[in-house]
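To start, the structure itself, in structure tokens.
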Amino acid sequence: MPILEVSDLKKIYTTRFGGQQVQALTSVNFAVEPGEYVAIMGESGSGKTTLLNILAALDKPTSGEVLLDGKNIVTIRERDIAAFRRDHLGFVFQDFNLLDTFSIQDNILLPLVLAGRSFPEMEKRLLPLARRLGIEKLLKKYPYEVSGGQKQRIAVARALITEPRIVLADEPTGALDSKATDSLLHLFDQVNAEGQTILMVTHSTKAASHAKRVLFIRDGEVFHQIYKGVSSTEEMYQKISDTLTLLAAGGEEDA
């Protein structure tokens, strides 16, 4: 059974001035199985950021369904959304979204603090996770004292500390240099190999080549996808590059 099902998702915005309507999503349909690693790609304005915001329960669609473990998150009451998001979803953002006045440890533990978990439980989760991500020596430092690559590992730790059903990553390598990018993508590979479901929005062919499946969005709908299968990361990179070239030329392939 899919962990995430998106059915006939539409989103229409009405501009503040002039009252014009803009259709950001036309009809989005796809499903994600438990343990999958899926990347979503598309040009600016294709609708992928709008889609991610709806999946993150940060925005509501005009129509359609988003089922997470069979529960339609579109119908969750406004007052319950924050708790649902905190309990079921993990987030990794391009700009890290760490609080400079909090230590690394407090940044990671913040979702559990907000959920009212006990300190022994928080400590039990934190130390093995920090060790696994190679940041255990950074816990007493502050975000302004560590590198961009380390900040992103900290952000991944914060996303995983709640043991989410799915991790949503928004351009997670966008602010990293090539070395930190390689390190983060290797980390995502490891986390996914351990069973964590990941859905990533990215412009980066390199980042997408680590996913097991890539969905391409154009004009507000998913119109093509490719699977990694037994291909190497290098072969997947070439598949994605070839597909992007074809799509830029206005062509399509069979999925």
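By convention in this document, the chains of the structure tokens carry letters A, B, ... by their order, each chain's residues are numbered from 1, and ligands are numbered from 1 in the order they are shown.
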
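Scanning range 82-247 of chain A with DSSP on the backbone, the strand (DSSP E or B) assignments fall on Leu89, Gly90, Phe91, Val92, Phe93, Ile166, Val167, Leu168, Ala169, Asp170, Ile198, Leu199, Met200, Val201, Arg213, Val214, Leu215, Phe216, Ile217, Arg218, Glu221, Val222, Phe223, His224, Gln225, Ile226 and Tyr227 of chain A.
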
Practice prompt. For Ser27 in chain A, list every protein, DNA or RNA residue within 12 Å, evaluated using only C-alpha atoms, and leave out those in the same chain fewer than 5 positions away; present the list as an NGL selection string.
Written response: :A and (6-12 or 47 or 51 or 61-65 or 217-223)

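The shortest atom-to-atom distance to Phe93 in chain A, with only C-alpha atoms taken into account, belongs to A:Met200 out of A:Met200, A:Leu68, A:Ala24, A:Leu138.
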
Discussion item. Residues within 8 Å of Gly70 in chain A, please, as an MDAnalysis selection string. Count only C-alpha atoms; anything in the same chain fewer than 2 positions from it doesn't count.
Written reply: chainID A and resid 3:5 67:68 72

Store the residues picked out above, limited to all heavy atoms, as a short mmCIF file (atom, residue, chain, number, x, y, z; two decimals), in the first residue's frame.
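Heads up, here's the output in out23.cif:
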```cif
data_model
loop_
_atom_site.label_atom_id
_atom_site.label_comp_id
_atom_site.auth_asym_id
_atom_site.auth_seq_id
_atom_site.Cartn_x
_atom_site.Cartn_y
_atom_site.Cartn_z
N ILE A 3 2.50 4.83 0.74
CA ILE A 3 2.52 5.68 1.93
C ILE A 3 1.91 7.04 1.61
O ILE A 3 1.32 7.70 2.46
CB ILE A 3 3.97 5.81 2.45
CG1 ILE A 3 3.99 6.51 3.80
CG2 ILE A 3 4.86 6.56 1.47
CD1 ILE A 3 5.37 6.52 4.44
N LEU A 4 2.05 7.45 0.33
CA LEU A 4 1.55 8.74 -0.12
C LEU A 4 0.83 8.57 -1.44
O LEU A 4 1.36 7.96 -2.37
CB LEU A 4 2.70 9.73 -0.28
CG LEU A 4 2.35 11.14 -0.78
CD1 LEU A 4 1.58 11.91 0.29
CD2 LEU A 4 3.60 11.90 -1.18
N GLU A 5 -0.40 9.08 -1.53
CA GLU A 5 -1.17 9.04 -2.77
C GLU A 5 -1.70 10.44 -3.08
O GLU A 5 -2.38 11.04 -2.25
CB GLU A 5 -2.35 8.07 -2.65
CG GLU A 5 -1.96 6.61 -2.48
CD GLU A 5 -3.17 5.72 -2.32
OE1 GLU A 5 -3.70 5.25 -3.34
OE2 GLU A 5 -3.59 5.52 -1.17
N LEU A 67 -3.30 11.70 0.29
CA LEU A 67 -3.46 10.70 1.33
C LEU A 67 -2.10 10.28 1.87
O LEU A 67 -1.23 9.82 1.11
CB LEU A 67 -4.18 9.46 0.78
CG LEU A 67 -5.57 9.68 0.15
CD1 LEU A 67 -6.15 8.35 -0.32
CD2 LEU A 67 -6.52 10.36 1.14
N LEU A 68 -1.90 10.45 3.16
CA LEU A 68 -0.69 9.97 3.84
C LEU A 68 -1.13 8.85 4.77
O LEU A 68 -1.90 9.08 5.70
CB LEU A 68 -0.02 11.09 4.64
CG LEU A 68 1.28 10.72 5.35
CD1 LEU A 68 2.36 10.33 4.34
CD2 LEU A 68 1.77 11.85 6.24
N ASN A 72 -6.50 11.73 4.51
CA ASN A 72 -6.50 12.88 3.60
C ASN A 72 -6.05 14.13 4.36
O ASN A 72 -6.82 14.69 5.16
CB ASN A 72 -7.89 13.07 3.01
CG ASN A 72 -7.89 14.13 1.90
OD1 ASN A 72 -6.85 14.69 1.56
ND2 ASN A 72 -9.05 14.36 1.34
#
```

Discussion item. Could you go through range 15-225 of chain A and tell me which residues DSSP, when run on the backbone, assigns to helix (DSSP H, G or I), listing them as a count of residues only?
Written reply: 86

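Using only C-alpha atoms, the shortest contact distance between Leu247 in chain A and any of A:Met41, A:Glu36, A:Leu109, A:Gln21 is found at A:Met41.
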
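With only C-alpha atoms as the basis for measurement, A:Leu168 is the residue among A:Ala31, A:Leu98, A:Leu185, A:Leu168 that approaches Arg85 in chain A most closely.
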
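Our summary of the geometry notes that CA of Leu199 in chain A is positioned 15.0 Å from CA of Asp69 in chain A.
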
Practice prompt. Give me the residues within 10 Å of Glu163 in chain A as a count of residues only, counting only C-alpha atoms and dropping any in the same chain fewer than 3 places off.
Written response: 11

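Of the residues listed (A:Gln94, A:Asn192, A:Ser178, A:Gln225), A:Gln94 shows the shortest atom-to-atom separation from Gln152 in chain A; distances use only C-alpha atoms.
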
Discussion item. If we count only C-alpha atoms and set the cut-off at 8 Å, which residues sit around Ser241 in chain A, ignoring sequence neighbours fewer than 4 positions away in its own chain? Please answer as a PyMOL selection string.
Written reply: chain A and resi 205+237+245

Keeping only C-alpha atoms, write those residues as a PDB file, in the first residue's frame.
```
ATOM      1  CA  THR A 205      20.506  16.564 -12.039  1.00  0.00           C
ATOM      2  CA  TYR A 237      22.456  11.037 -14.313  1.00  0.00           C
ATOM      3  CA  THR A 245      17.230  17.777 -23.165  1.00  0.00           C
TER       4      THR A 245
END
```

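CA of Leu126 in chain A is found 17.1 Å from CA of Glu194 in chain A.
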
Worksheet item: Can you tell me, as a list in words, what residues are no more than 9 Å from Gln238 in chain A when counting only C-alpha atoms, ignoring any on the same chain fewer than 4 positions away?
Response: Thr205, Ser209, Thr233, Glu234, Asp242 and Thr243 of chain A

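The space separating CA of Val74 in chain A from CA of Gln20 in chain A comes to 24.2 Å.
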
Worksheet item: For Tyr144 in chain A, which residue among A:Leu58, A:Ala175, A:Ala211, A:Ile104 is the nearest when counting only C-alpha atoms?
Response: A:Ile104

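You can rank A:Tyr37, A:Phe216, A:Phe30, A:Tyr13 by their closest distance to Thr50 in chain A using only C-alpha atoms, and at the top of that list sits A:Tyr13.
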